[in-house]
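Participant: See start30.csv below, with CSV, C-alpha atoms and all ligand atoms.
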chain,number,residue,atom,x,y,z
F,27,MET,CA,5.5,-18.7,-20.0
F,28,SER,CA,4.3,-19.6,-16.5
F,29,SER,CA,0.6,-20.1,-15.6
F,30,ILE,CA,-1.3,-16.9,-15.0
F,31,GLU,CA,-3.5,-16.4,-11.9
F,32,SER,CA,-6.2,-13.8,-11.7
F,33,LEU,CA,-7.5,-12.0,-8.7
F,34,LYS,CA,-10.6,-9.9,-8.7
F,35,VAL,CA,-11.0,-6.4,-7.3
F,36,SER,CA,-14.8,-6.3,-6.7
F,37,LEU,CA,-16.2,-2.8,-7.2
F,38,GLY,CA,-19.5,-3.4,-8.9
F,39,LYS,CA,-19.4,-2.0,-12.5
F,40,ARG,CA,-15.8,-0.8,-11.9
F,41,SER,CA,-14.5,-4.4,-11.0
F,42,TYR,CA,-11.3,-5.5,-12.6
F,43,SER,CA,-8.8,-8.3,-12.5
F,44,ILE,CA,-5.1,-8.4,-11.5
F,45,HIS,CA,-3.4,-11.0,-13.7
F,46,LEU,CA,-0.2,-12.4,-12.1
F,47,GLY,CA,2.5,-14.6,-13.6
F,48,HIS,CA,6.2,-14.9,-14.2
F,49,HIS,CA,7.7,-13.9,-17.5
F,50,TRP,CA,4.5,-13.4,-19.4
F,51,LEU,CA,4.2,-9.7,-20.2
F,52,ALA,CA,4.7,-10.2,-24.0
F,53,ASP,CA,1.6,-12.5,-23.9
F,54,GLY,CA,-0.5,-10.1,-21.9
F,55,GLY,CA,-2.5,-8.9,-25.0
F,56,ARG,CA,-5.2,-11.5,-24.4
F,57,HIS,CA,-6.0,-10.0,-21.0
F,58,VAL,CA,-5.9,-6.4,-22.2
F,59,GLY,CA,-8.1,-7.3,-25.1
F,60,ARG,CA,-10.8,-8.7,-22.7
F,61,ALA,CA,-10.5,-5.8,-20.2
F,62,THR,CA,-11.0,-2.9,-22.6
F,63,THR,CA,-12.8,-2.5,-25.9
F,64,SER,CA,-10.2,0.1,-26.9
F,65,ARG,CA,-7.9,-0.7,-29.9
F,66,ARG,CA,-5.9,2.5,-29.6
F,67,PHE,CA,-3.2,2.4,-27.0
F,68,PHE,CA,-1.0,5.2,-25.4
F,69,LEU,CA,1.9,3.6,-23.6
F,70,LEU,CA,3.4,5.7,-20.8
F,71,SER,CA,6.8,4.8,-19.4
F,72,VAL,CA,10.3,6.2,-18.5
F,73,ALA,CA,13.4,5.6,-20.6
F,74,LYS,CA,15.1,3.1,-18.2
F,75,VAL,CA,12.1,0.8,-17.9
F,76,HIS,CA,11.1,1.1,-21.5
F,77,ALA,CA,14.6,0.1,-22.6
F,78,LEU,CA,14.2,-3.1,-20.5
F,79,TYR,CA,10.6,-4.1,-21.1
F,80,GLY,CA,9.0,-1.7,-23.6
F,81,ARG,CA,9.2,-4.1,-26.5
F,82,ARG,CA,7.4,-6.8,-24.7
F,83,ILE,CA,4.3,-4.8,-23.9
F,84,GLU,CA,4.3,-3.0,-27.2
F,85,LYS,CA,4.3,-6.4,-29.0
F,86,ALA,CA,1.4,-7.5,-26.9
F,87,LEU,CA,-0.6,-4.3,-27.6
F,88,ARG,CA,0.3,-4.2,-31.3
F,89,GLY,CA,-1.5,-7.5,-31.6
F,90,LEU,CA,-4.7,-5.6,-30.6
F,91,GLY,CA,-4.4,-2.2,-32.3
F,92,GLN,CA,-2.3,0.9,-32.8
F,93,VAL,CA,0.3,1.9,-30.2
F,94,SER,CA,2.0,5.3,-29.5
F,95,THR,CA,4.6,5.5,-26.8
F,96,TYR,CA,5.5,8.5,-24.6
F,97,LEU,CA,8.4,8.6,-22.2
F,98,MET,CA,8.2,10.9,-19.2
F,99,PRO,CA,11.1,12.0,-16.9
F,100,ASP,CA,12.0,9.5,-14.2
F,101,GLY,CA,11.6,9.8,-10.4
F,102,GLU,CA,9.4,11.3,-7.7
F,103,ARG,CA,10.5,14.9,-8.6
F,104,ALA,CA,8.8,14.4,-12.0
F,105,LYS,CA,5.4,13.7,-10.3
F,106,ASN,CA,4.2,17.2,-10.8
F,107,GLU,CA,1.8,19.4,-12.9
F,108,ARG,CA,4.4,20.1,-15.6
F,109,THR,CA,4.8,16.4,-16.4
F,110,LEU,CA,1.0,15.9,-16.2
F,111,LEU,CA,0.4,18.7,-18.7
F,112,ALA,CA,3.2,17.3,-21.0
F,113,ILE,CA,1.5,13.9,-21.0
F,114,LEU,CA,-2.0,15.4,-21.7
F,115,ARG,CA,-0.5,17.5,-24.5
F,116,ALA,CA,1.1,14.4,-26.1
F,117,MET,CA,-2.2,12.6,-25.8
F,118,ALA,CA,-4.0,15.4,-27.6
F,119,SER,CA,-1.3,15.7,-30.3
F,120,HIS,CA,-1.6,12.0,-31.0
F,121,GLY,CA,-5.3,12.7,-31.6
F,122,LEU,CA,-6.5,10.3,-28.9
F,123,GLN,CA,-10.3,10.0,-28.6
F,124,ARG,CA,-12.5,8.9,-25.7
F,125,ASP,CA,-12.1,5.3,-26.8
F,126,ALA,CA,-8.3,5.2,-26.2
F,127,CYS,CA,-6.6,3.3,-23.5
F,128,LEU,CA,-3.6,4.5,-21.6
F,129,VAL,CA,-1.2,1.8,-20.5
F,130,THR,CA,1.4,2.5,-17.8
F,131,LEU,CA,4.7,0.6,-17.7
F,132,GLY,CA,6.8,1.6,-14.7
F,133,GLY,CA,6.9,2.1,-10.9
F,134,GLY,CA,4.4,3.9,-8.7
F,135,VAL,CA,5.3,7.3,-10.2
F,136,VAL,CA,4.4,6.3,-13.7
F,137,GLY,CA,1.3,4.6,-12.5
F,138,ASP,CA,0.1,7.6,-10.5
F,139,MET,CA,0.9,10.0,-13.4
F,140,GLY,CA,-0.8,7.8,-16.0
F,141,GLY,CA,-3.7,7.1,-13.7
F,142,LEU,CA,-4.4,10.8,-13.3
F,143,ALA,CA,-3.8,11.7,-16.9
F,144,SER,CA,-6.3,9.0,-17.9
F,145,ALA,CA,-8.8,10.2,-15.3
F,146,LEU,CA,-8.7,13.8,-16.8
F,147,TYR,CA,-8.3,13.3,-20.5
F,148,MET,CA,-11.8,13.7,-22.1
F,149,ARG,CA,-13.2,13.3,-18.6
F,150,GLY,CA,-11.8,9.8,-18.3
F,151,ILE,CA,-10.4,7.1,-20.6
F,152,ASP,CA,-9.5,3.5,-19.9
F,153,VAL,CA,-6.2,2.7,-18.1
F,154,VAL,CA,-4.3,-0.6,-17.7
F,155,HIS,CA,-1.3,-0.8,-15.3
F,156,CYS,CA,1.8,-2.9,-15.8
F,157,PRO,CA,3.7,-2.2,-12.6
F,158,THR,CA,7.4,-2.8,-12.7
F,159,THR,CA,8.6,-2.2,-9.1
F,160,LEU,CA,7.7,-4.3,-6.1
F,161,LEU,CA,6.1,-1.3,-4.5
F,162,ALA,CA,3.9,-0.7,-7.5
F,163,GLN,CA,3.0,-4.4,-7.9
F,164,VAL,CA,1.9,-4.9,-4.3
F,165,ASP,CA,0.5,-1.4,-3.7
F,166,ALA,CA,0.3,1.5,-6.1
F,167,SER,CA,-1.2,-0.3,-9.1
F,168,VAL,CA,-4.2,-1.7,-7.2
F,169,GLY,CA,-7.0,0.5,-5.8
F,170,GLY,CA,-7.4,3.4,-8.3
F,171,LYS,CA,-5.6,6.2,-6.3
F,172,THR,CA,-3.8,8.6,-8.6
F,173,ALA,CA,-2.1,11.9,-7.8
F,174,ILE,CA,0.7,14.4,-8.3
F,175,ASP,CA,2.7,16.2,-5.7
F,176,PHE,CA,1.8,19.9,-5.5
F,177,GLU,CA,3.1,22.9,-3.7
F,178,GLY,CA,5.5,20.8,-1.9
F,179,VAL,CA,2.9,18.4,-0.5
F,180,LYS,CA,2.9,14.7,-1.6
F,181,ASN,CA,-0.1,13.5,-3.5
F,182,LEU,CA,-2.1,16.7,-2.9
F,183,VAL,CA,-3.9,16.8,-6.2
F,184,GLY,CA,-5.4,13.6,-7.6
F,185,ALA,CA,-8.5,11.5,-8.3
F,186,PHE,CA,-9.9,8.0,-7.9
F,187,HIS,CA,-9.8,6.2,-11.2
F,188,GLN,CA,-9.8,2.5,-11.3
F,189,PRO,CA,-7.9,0.6,-14.0
F,190,LYS,CA,-9.5,-1.9,-16.4
F,191,ALA,CA,-6.8,-4.4,-15.5
F,192,VAL,CA,-3.5,-4.8,-13.9
F,193,LEU,CA,-0.8,-7.0,-15.6
F,194,LEU,CA,1.7,-8.2,-13.1
F,195,ASP,CA,4.9,-9.9,-14.2
F,196,THR,CA,7.1,-10.8,-11.3
F,197,ALA,CA,10.1,-11.5,-13.6
F,198,LEU,CA,10.3,-7.7,-14.1
F,199,LEU,CA,11.5,-7.4,-10.5
F,200,ASP,CA,14.8,-9.1,-11.3
F,201,SER,CA,16.3,-5.8,-12.6
F,202,LEU,CA,15.4,-3.8,-9.5
F,203,THR,CA,18.4,-2.6,-7.4
F,204,GLU,CA,18.7,-4.3,-4.0
F,205,ARG,CA,17.6,-1.0,-2.4
F,206,GLN,CA,14.4,-0.6,-4.5
F,207,TYR,CA,13.5,-4.2,-3.9
F,208,ARG,CA,13.9,-4.0,-0.2
F,209,SER,CA,12.0,-0.7,0.0
F,210,GLY,CA,9.0,-2.5,-1.6
F,211,LEU,CA,9.2,-5.2,1.0
F,212,ALA,CA,8.2,-2.7,3.7
F,213,GLU,CA,4.7,-2.5,2.1
F,214,VAL,CA,4.6,-6.4,2.0
F,215,VAL,CA,5.3,-6.5,5.8
F,216,LYS,CA,2.5,-3.9,6.3
F,217,TYR,CA,-0.1,-6.3,4.9
F,218,GLY,CA,0.9,-8.9,7.5
F,219,VAL,CA,0.6,-6.5,10.3
F,220,ILE,CA,-2.7,-5.0,9.3
F,221,ARG,CA,-4.6,-8.1,8.2
F,222,ASP,CA,-2.8,-11.4,8.3
F,223,ALA,CA,-0.7,-12.8,11.2
F,224,ASP,CA,-0.1,-16.0,9.4
F,225,PHE,CA,1.3,-14.1,6.4
F,226,PHE,CA,3.6,-12.2,8.8
F,227,ALA,CA,4.9,-15.5,10.2
F,228,TRP,CA,5.3,-16.9,6.7
F,229,LEU,CA,7.5,-13.8,5.9
F,230,GLU,CA,9.5,-14.5,9.0
F,231,ASP,CA,10.1,-18.1,7.9
F,232,ASN,CA,11.1,-17.1,4.3
F,233,VAL,CA,13.4,-14.2,4.6
F,234,ASP,CA,16.3,-15.8,2.8
F,235,ALA,CA,14.3,-16.9,-0.2
F,236,ILE,CA,12.6,-13.5,-0.3
F,237,LEU,CA,16.0,-11.8,-0.4
F,238,ARG,CA,17.2,-14.2,-3.0
F,239,ARG,CA,14.1,-13.3,-5.1
F,240,ASP,CA,13.2,-17.0,-5.4
F,241,PRO,CA,10.5,-16.9,-8.1
F,242,ALA,CA,8.0,-19.2,-6.4
F,243,ILE,CA,8.3,-17.3,-3.1
F,244,VAL,CA,8.1,-13.9,-4.7
F,245,ALA,CA,5.0,-15.0,-6.6
F,246,ARG,CA,3.3,-16.1,-3.4
F,247,MET,CA,4.4,-13.0,-1.5
F,248,VAL,CA,3.1,-10.6,-4.3
F,249,ARG,CA,-0.1,-12.6,-4.7
F,250,ARG,CA,-1.0,-12.5,-1.0
F,251,SER,CA,-0.2,-8.8,-0.8
F,252,CYS,CA,-2.4,-8.0,-3.8
F,253,GLU,CA,-5.2,-10.2,-2.3
F,254,ILE,CA,-5.2,-8.2,0.9
F,255,LYS,CA,-5.0,-4.8,-0.9
F,256,ALA,CA,-7.9,-5.9,-3.2
F,257,GLU,CA,-10.0,-7.0,-0.2
F,258,VAL,CA,-9.4,-3.7,1.6
F,259,VAL,CA,-10.1,-1.6,-1.5
F,260,SER,CA,-13.2,-3.6,-2.4
F,261,ALA,CA,-14.7,-3.0,1.1
F,262,ASP,CA,-13.9,0.8,1.1
F,263,GLU,CA,-13.0,2.2,-2.3
F,264,LEU,CA,-13.0,5.9,-1.3
F,265,GLU,CA,-11.2,5.5,2.0
F,266,LEU,CA,-14.2,6.4,4.2
F,267,GLY,CA,-13.2,3.8,6.7
F,268,ALA,CA,-11.0,0.6,6.7
F,269,ARG,CA,-9.0,1.6,3.7
F,270,ALA,CA,-7.2,4.0,6.0
F,271,HIS,CA,-5.6,0.9,7.6
F,272,LEU,CA,-3.3,0.8,4.6
F,273,ASN,CA,-1.7,3.9,6.0
F,274,PHE,CA,-0.2,1.9,8.8
F,275,GLY,CA,3.4,3.2,9.2
F,276,HIS,CA,2.7,6.1,6.8
F,277,THR,CA,1.9,8.9,9.2
F,278,LEU,CA,5.4,9.1,10.6
F,279,GLY,CA,6.7,7.5,7.4
F,280,HIS,CA,5.7,10.5,5.3
F,281,ALA,CA,7.1,12.9,7.8
F,282,LEU,CA,10.4,11.1,7.8
F,283,GLU,CA,10.4,10.9,4.0
F,284,SER,CA,10.1,14.7,3.7
F,285,ALA,CA,12.4,15.5,6.6
F,286,TYR,CA,15.1,13.2,5.2
F,287,ASP,CA,14.5,14.2,1.6
F,288,ASP,CA,18.0,15.6,1.0
F,289,TRP,CA,19.4,12.4,2.4
F,290,GLY,CA,17.4,10.4,-0.2
F,291,LEU,CA,15.3,8.2,2.2
F,292,GLN,CA,13.1,6.0,-0.1
F,293,HIS,CA,9.3,5.7,0.5
F,294,GLY,CA,9.5,2.1,1.8
F,295,GLU,CA,12.5,2.8,3.9
F,296,ALA,CA,10.6,5.6,5.6
F,297,VAL,CA,7.5,3.4,6.0
F,298,ALA,CA,9.6,0.7,7.6
F,299,TYR,CA,10.6,3.3,10.3
F,300,GLY,CA,7.0,4.4,10.5
F,301,MET,CA,5.7,0.9,11.1
F,302,TRP,CA,8.2,0.2,13.8
F,303,ALA,CA,7.2,3.6,15.4
F,304,ALA,CA,3.5,2.7,15.1
F,305,GLY,CA,4.3,-0.6,16.8
F,306,LEU,CA,6.2,1.1,19.7
F,307,LEU,CA,3.4,3.7,20.1
F,308,SER,CA,0.8,0.9,20.3
F,309,TRP,CA,2.8,-0.9,22.9
F,310,ARG,CA,3.4,2.3,24.9
F,311,LEU,CA,-0.4,3.1,24.8
F,312,ARG,CA,-1.0,-0.5,26.0
F,313,TRP,CA,-2.8,-1.5,22.9
F,314,CYS,CA,-0.6,-4.5,22.3
F,315,ARG,CA,2.2,-6.5,23.9
F,316,SER,CA,5.9,-5.6,23.5
F,317,GLU,CA,6.2,-8.7,21.3
F,318,VAL,CA,4.5,-6.9,18.4
F,319,PRO,CA,6.9,-4.0,17.9
F,320,GLU,CA,9.8,-6.5,18.6
F,321,ARG,CA,8.7,-8.8,15.8
F,322,ILE,CA,8.1,-5.9,13.4
F,323,GLU,CA,11.6,-4.5,14.1
F,324,LEU,CA,13.3,-7.8,13.8
F,325,LEU,CA,11.7,-8.8,10.5
F,326,LEU,CA,12.4,-5.4,9.0
F,327,ARG,CA,16.0,-5.6,10.1
F,328,ARG,CA,16.4,-9.1,8.6
F,329,LEU,CA,14.9,-7.7,5.3
F,330,GLY,CA,17.7,-5.1,5.3
F,331,LEU,CA,15.5,-2.2,6.4
F,332,LEU,CA,15.9,0.2,9.3
F,333,ARG,CA,19.4,1.3,8.4
F,334,PRO,CA,20.7,3.9,10.8
F,335,LEU,CA,19.3,7.4,10.2
F,336,PRO,CA,21.6,10.5,10.4
F,337,PRO,CA,20.8,13.0,13.2
F,338,LEU,CA,17.8,15.3,12.6
F,339,SER,CA,16.0,17.5,15.1
F,340,GLU,CA,12.8,16.0,16.6
F,341,SER,CA,11.0,19.2,16.1
F,342,ARG,CA,11.8,19.2,12.4
F,343,ILE,CA,10.2,15.8,12.0
F,344,LEU,CA,7.2,16.7,14.1
F,345,ARG,CA,6.8,19.9,12.1
F,346,SER,CA,6.7,18.0,8.8
F,347,LEU,CA,4.2,15.7,10.3
F,348,LEU,CA,1.8,18.5,11.1
F,349,LEU,CA,2.5,20.4,7.9
F,350,ASP,CA,1.6,17.4,5.7
F,351,LYS,CA,-1.7,16.9,7.6
F,352,LYS,CA,-2.6,20.6,7.7
F,353,ALA,CA,-2.1,20.9,4.0
F,354,LYS,CA,-4.5,18.1,3.5
F,355,GLY,CA,-7.0,19.6,5.9
F,356,GLY,CA,-6.8,17.0,8.6
F,357,GLU,CA,-5.2,15.9,11.9
F,358,ALA,CA,-2.4,13.5,12.2
F,359,GLN,CA,-4.0,10.1,12.4
F,360,PHE,CA,-2.2,7.0,13.6
F,361,VAL,CA,-3.0,3.4,12.6
F,362,LEU,CA,-2.0,1.3,15.6
F,363,THR,CA,-1.8,-2.4,16.3
F,364,ARG,CA,-4.0,-4.3,18.7
F,365,LYS,CA,-2.2,-7.6,17.9
F,366,MET,CA,-0.5,-9.0,14.9
F,367,GLY,CA,-3.0,-8.8,12.0
F,368,ILE,CA,-5.4,-6.4,13.7
F,369,VAL,CA,-5.2,-2.6,13.6
F,370,SER,CA,-7.4,0.4,14.5
F,371,ILE,CA,-7.2,4.2,14.2
F,372,ARG,CA,-6.3,6.7,16.8
F,373,SER,CA,-6.7,10.4,16.0
F,374,SER,CA,-4.2,12.0,18.3
F,375,VAL,CA,-1.0,11.0,20.1
F,376,GLN,CA,0.7,13.1,22.8
F,377,LYS,CA,3.7,15.0,21.5
F,378,SER,CA,5.9,13.8,24.3
F,379,LEU,CA,5.2,10.2,23.4
F,380,LEU,CA,6.0,10.9,19.7
F,381,GLY,CA,9.2,12.5,20.8
F,382,TRP,CA,10.1,9.3,22.8
F,383,VAL,CA,9.4,7.1,19.8
F,384,LEU,CA,11.6,9.3,17.5
F,385,ARG,CA,14.4,9.1,20.0
F,386,ARG,CA,14.0,5.3,20.3
F,387,LEU,CA,14.2,4.9,16.5
F,388,ARG,CA,17.6,6.4,16.5
F,389,HIS,CA,18.8,4.9,19.8
F,390,PRO,CA,17.0,1.5,20.3
F,391,LYS,CA,18.5,1.2,23.8
F,392,ILE,CA,16.5,4.1,25.2
F,393,ASP,CA,13.9,2.7,27.7
F,394,VAL,CA,10.5,3.9,28.9
F,395,SER,CA,12.0,6.0,31.7
F,396,ASP,CA,13.3,8.4,29.1
F,397,LEU,CA,9.7,9.5,28.3
F,398,SER,CA,9.9,13.2,29.1
N,1,LIG,N1,-1.6,5.1,-6.0
N,1,LIG,C1,-1.3,4.5,-4.9
N,1,LIG,O1,-2.1,3.8,-4.3
N,1,LIG,C2,0.1,4.5,-4.4
N,1,LIG,C3,0.5,3.6,-3.4
N,1,LIG,C4,1.8,3.6,-3.0
N,1,LIG,C5,2.7,4.4,-3.6
N,1,LIG,N2,2.4,5.3,-4.6
N,1,LIG,C6,3.3,6.2,-5.2
N,1,LIG,O2,4.3,5.4,-5.8
N,1,LIG,C7,5.5,6.2,-5.9
N,1,LIG,C8,6.7,5.3,-5.6
N,1,LIG,O3,6.8,4.2,-6.5
N,1,LIG,P1,8.1,3.4,-6.8
N,1,LIG,O4,8.8,3.1,-5.5
N,1,LIG,O5,7.8,2.4,-7.7
N,1,LIG,O6,9.0,4.6,-7.4
N,1,LIG,P2,9.4,4.9,-8.9
N,1,LIG,O7,8.2,4.8,-9.8
N,1,LIG,O8,10.1,6.3,-8.9
N,1,LIG,O9,10.4,3.8,-9.4
N,1,LIG,C9,11.7,3.8,-8.7
N,1,LIG,C10,12.8,3.7,-9.7
N,1,LIG,O10,12.9,2.3,-10.2
N,1,LIG,C11,13.0,2.4,-11.6
N,1,LIG,N3,12.4,1.1,-12.1
N,1,LIG,C12,11.1,0.8,-12.2
N,1,LIG,N4,10.9,-0.5,-12.5
N,1,LIG,C13,12.1,-1.0,-12.7
N,1,LIG,C14,12.6,-2.3,-13.0
N,1,LIG,N5,11.8,-3.3,-13.2
N,1,LIG,N6,13.9,-2.5,-13.1
N,1,LIG,C15,14.8,-1.5,-12.8
N,1,LIG,N7,14.4,-0.2,-12.5
N,1,LIG,C16,13.1,0.0,-12.4
N,1,LIG,C17,12.3,3.6,-12.0
N,1,LIG,O11,12.7,4.0,-13.3
N,1,LIG,C18,12.7,4.6,-10.9
N,1,LIG,O12,14.0,5.1,-11.2
N,1,LIG,C19,5.3,7.4,-5.0
N,1,LIG,O13,5.1,8.5,-5.8
N,1,LIG,C20,4.1,7.0,-4.2
N,1,LIG,O14,3.3,8.2,-3.8
N,1,LIG,C21,1.1,5.3,-5.0
N,2,ZN,ZN,3.3,3.3,0.9
Is it possible to give me this structure as structure tokens?

Facilitator:
Amino acid sequence: MSSIESLKVSLGKRSYSIHLGHHWLADGGRHVGRATTSRRFFLLSVAKVHALYGRRIEKALRGLGQVSTYLMPDGERAKNERTLLAILRAMASHGLQRDACLVTLGGGVVGDMGGLASALYMRGIDVVHCPTTLLAQVDASVGGKTAIDFEGVKNLVGAFHQPKAVLLDTALLDSLTERQYRSGLAEVVKYGVIRDADFFAWLEDNVDAILRRDPAIVARMVRRSCEIKAEVVSADELELGARAHLNFGHTLGHALESAYDDWGLQHGEAVAYGMWAAGLLSWRLRWCRSEVPERIELLLRRLGLLRPLPPLSESRILRSLLLDKKAKGGEAQFVLTRKMGIVSIRSSVQKSLLGWVLRRLRHPKIDVSDLS
């Protein structure tokens, strides 16, 4: 077992710790035992992840109390009201009381589902997250956002419900496919762009070790990402201000994700395109120098992101951008860069400029004169 480091998410009475280490999940009971008074655990996972790591966490929890396990269907398509009700039904049939603690073991989908089920059951019970994808470790498991997709809109129905602790074992990332791992790296790059130019430069210097999943480098990368997420969330838990900076790359990213749904574009892959687009928009609006989108593009390419997209009509992407925002009752907001490490929000961007950026994503050679 490696040494365990702890980071605090400071939210007054709802503060909690993220415990990070390599190959330590089976010994995580000590931290769970301190974070919750519960001795009745309901483990939520999916079959694939449970087969790999379920025993480790069950062992840790059994040292504290009784454990029941429920496996939900895998994947984003299962992040819906049917799965939510099935989980709540299973919790009721196991006779869980107010003092129970739900423990999630899985990627962002399991975390979001378990987070929401624990927010709703008996008006809220404890939850502890054990994230198993890079995306879930550096992003989804920290900050208390929970949701399901509803009526075709991503994350339309949800709640804020902070966990009691996050147990983060970077050894679990070894079994991720190359594509899942690289997809998570997009969110890591995001932290550099929005808050920490030195971290961005460190990523540029360590691409090979990151892609090799060198344990020490991965640990440092995950730790710094969680620190930044924790700082942002601690300053603005309910996204009334600066937390929106975490949406960098996500406005166009979400639109691309739904427009290219049939093609199977993953969240991080779409966000990578969205970040490059946001960098280009910032430069075209004279918010930053061309070096910013150039560095974003180059780093993402070196990390194996920004693979060519198949043709799709501009209007279809712009439509899904507006639909998503309309369904959520808002305008399309863009988080743009001032310089590496500093971003601000812009509430509207001309359609012609968005069109230019979309063409540029597919044909990087297009220059400014093509702005129609
Ligand atoms: N709540 C938040 O703040 C927040 C933030 C970002 C993303 N999200 C949500 O997270 C979801 C995406 O998360 P994701 O990318 O982790 O997807 P995911 O949960 O669907 O996991 C991707 C796949 O990886 C598998 N998997 C998980 N861990 C594994 C491991 N260690 N080894 C091998 N396979 C493993 C899963 O079974 C799944 O098939 C989206 O629904 C998104 O909305 C939430
Ligand atoms: Zn994201």

Participant: Identify, counting all atoms listed in the file, the protein, DNA and RNA residues located within 7 Å of ligand LIG 1 (chain N), and give them as a ChimeraX atom specification.

Facilitator: /F:72,74-75,100-102,105,132-136,138,158-162,165-172,180-181,198-203,206,210,293

Participant: Once you count all atoms listed in the file, which residues end up within 12 Å of ligand ZN 2 (chain N), and could you hand them over as a PyMOL selection string?

Facilitator: chain F and resi 134-135+160-167+171+180-181+209-217+255+270-280+283+292-301

Participant: Have a look at F:Asp175, F:Phe67, F:Gly141, F:Arg327 and name the one nearest to F:Arg124; count only C-alpha atoms.

Facilitator: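 Ranking F:Asp175, F:Phe67, F:Gly141, F:Arg327 by distance to F:Arg124, first place goes to F:Phe67.
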
Participant: Looking at F:Val93, F:Leu131, F:Leu306, F:Leu291, which one is nearest to F:Leu379, with distances taken over only C-alpha atoms?

Facilitator: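 Smallest separation from F:Leu379 among the options: F:Leu306.
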
Participant: Quote the spacing between atom CA of F:Val192 and atom CA of F:Asp240 in Å to one decimal place.

Facilitator: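 The value is 22.4 Å.
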
Participant: What lies within 6 Å of F:Ser308 using only C-alpha atoms, ignoring chain neighbours under 3 positions off, as a ChimeraX atom specification?

Facilitator: /F:305,311,313-314,362-363

Participant: Write to file, as a CSV table (one decimal), in the coordinates of the input, the residues of the selection just made, with C-alpha atoms.

Facilitator:
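The result, written out as result.csv:
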chain,number,residue,atom,x,y,z
F,305,GLY,CA,4.3,-0.6,16.8
F,311,LEU,CA,-0.4,3.1,24.8
F,313,TRP,CA,-2.8,-1.5,22.9
F,314,CYS,CA,-0.6,-4.5,22.3
F,362,LEU,CA,-2.0,1.3,15.6
F,363,THR,CA,-1.8,-2.4,16.3

Participant: Interatomic distance between atom CA of F:Tyr207 and atom CA of F:Gly290?

Facilitator: 15.6 Å

Participant: Give me the residues near stretch 79-92 of chain F as a ChimeraX atom specification, where near means some atom within 12 Å (using all atoms listed in the file) and where sequence neighbours in that chain fewer than 3 positions away do not count.

Facilitator: /F:49-76,95-97,120,122,126-132,154-158,193-195,197-201

Participant: In the coordinate frame of the file, compute which residues have an atom within 8 Å of (-0.2, -15.6, -13.7) when using all atoms listed in the file, and state them as number ranges by chain.

Facilitator: F: 28-32, 45-48, 50, 194-195

Participant: Between atom CA of F:Trp382 and atom CA of F:Leu331, what distance in Å does the model show, to one decimal?

Facilitator: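 Answer for the atom CA of F:Trp382 to atom CA of F:Leu331 separation: 20.7 Å.
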
Participant: Could you pull the residues within 9 Å of F:Gly330, counting only C-alpha atoms, minus those fewer than 2 positions along the same chain, as a compact mmCIF listing (two decimals) with C-alpha atoms, keeping the file's coordinate frame?

Facilitator:
# COMPACT_ATOMS: atom_id res chain seq x y z
CA ARG F 205 17.60 -1.00 -2.40
CA ARG F 208 13.90 -4.00 -0.20
CA SER F 209 12.00 -0.70 0.00
CA LEU F 237 16.00 -11.80 -0.40
CA LEU F 325 11.70 -8.80 10.50
CA LEU F 326 12.40 -5.40 9.00
CA ARG F 327 16.00 -5.60 10.10
CA ARG F 328 16.40 -9.10 8.60
CA LEU F 332 15.90 0.20 9.30
CA ARG F 333 19.40 1.30 8.40

Participant: Pick from F:Lys365, F:Ile113, F:Lys190, F:Ala145: nearest to F:Lys39, with all atoms listed in the file counted?

Facilitator: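 Ranking F:Lys365, F:Ile113, F:Lys190, F:Ala145 by distance to F:Lys39, first place goes to F:Lys190.
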
Participant: When distances are computed from only C-alpha atoms, which of F:Val259, F:Leu380, F:Val153, F:Val369 shows the smallest separation from F:Val35?

Facilitator: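 Smallest separation from F:Val35 among the options: F:Val259.
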
Participant: List as a list of chain:residue names the residues having at least one atom at most 12 Å from position (-12.0, 13.8, -20.5) as given in the file, counting only C-alpha atoms.

Facilitator: F:Leu114, F:Met117, F:Ala118, F:Leu122, F:Gln123, F:Arg124, F:Asp125, F:Ala126, F:Leu142, F:Ala143, F:Ser144, F:Ala145, F:Leu146, F:Tyr147, F:Met148, F:Arg149, F:Gly150, F:Ile151, F:Asp152

Participant: Identify which of the residues F:Ser370, F:Leu344, F:Ala173, F:Leu349 lies closest to F:Ala268, counting all atoms listed in the file when measuring atom-to-atom distances.

Facilitator: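 Nearest candidate to F:Ala268 out of F:Ser370, F:Leu344, F:Ala173, F:Leu349: F:Ser370.
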
Participant: When distances are computed from all atoms listed in the file, which of F:Ala185, F:Ala77, F:Val361, F:Ser341 shows the smallest separation from F:Glu263?

Facilitator: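 With all atoms listed in the file as the atom set, the closest residue is F:Ala185.
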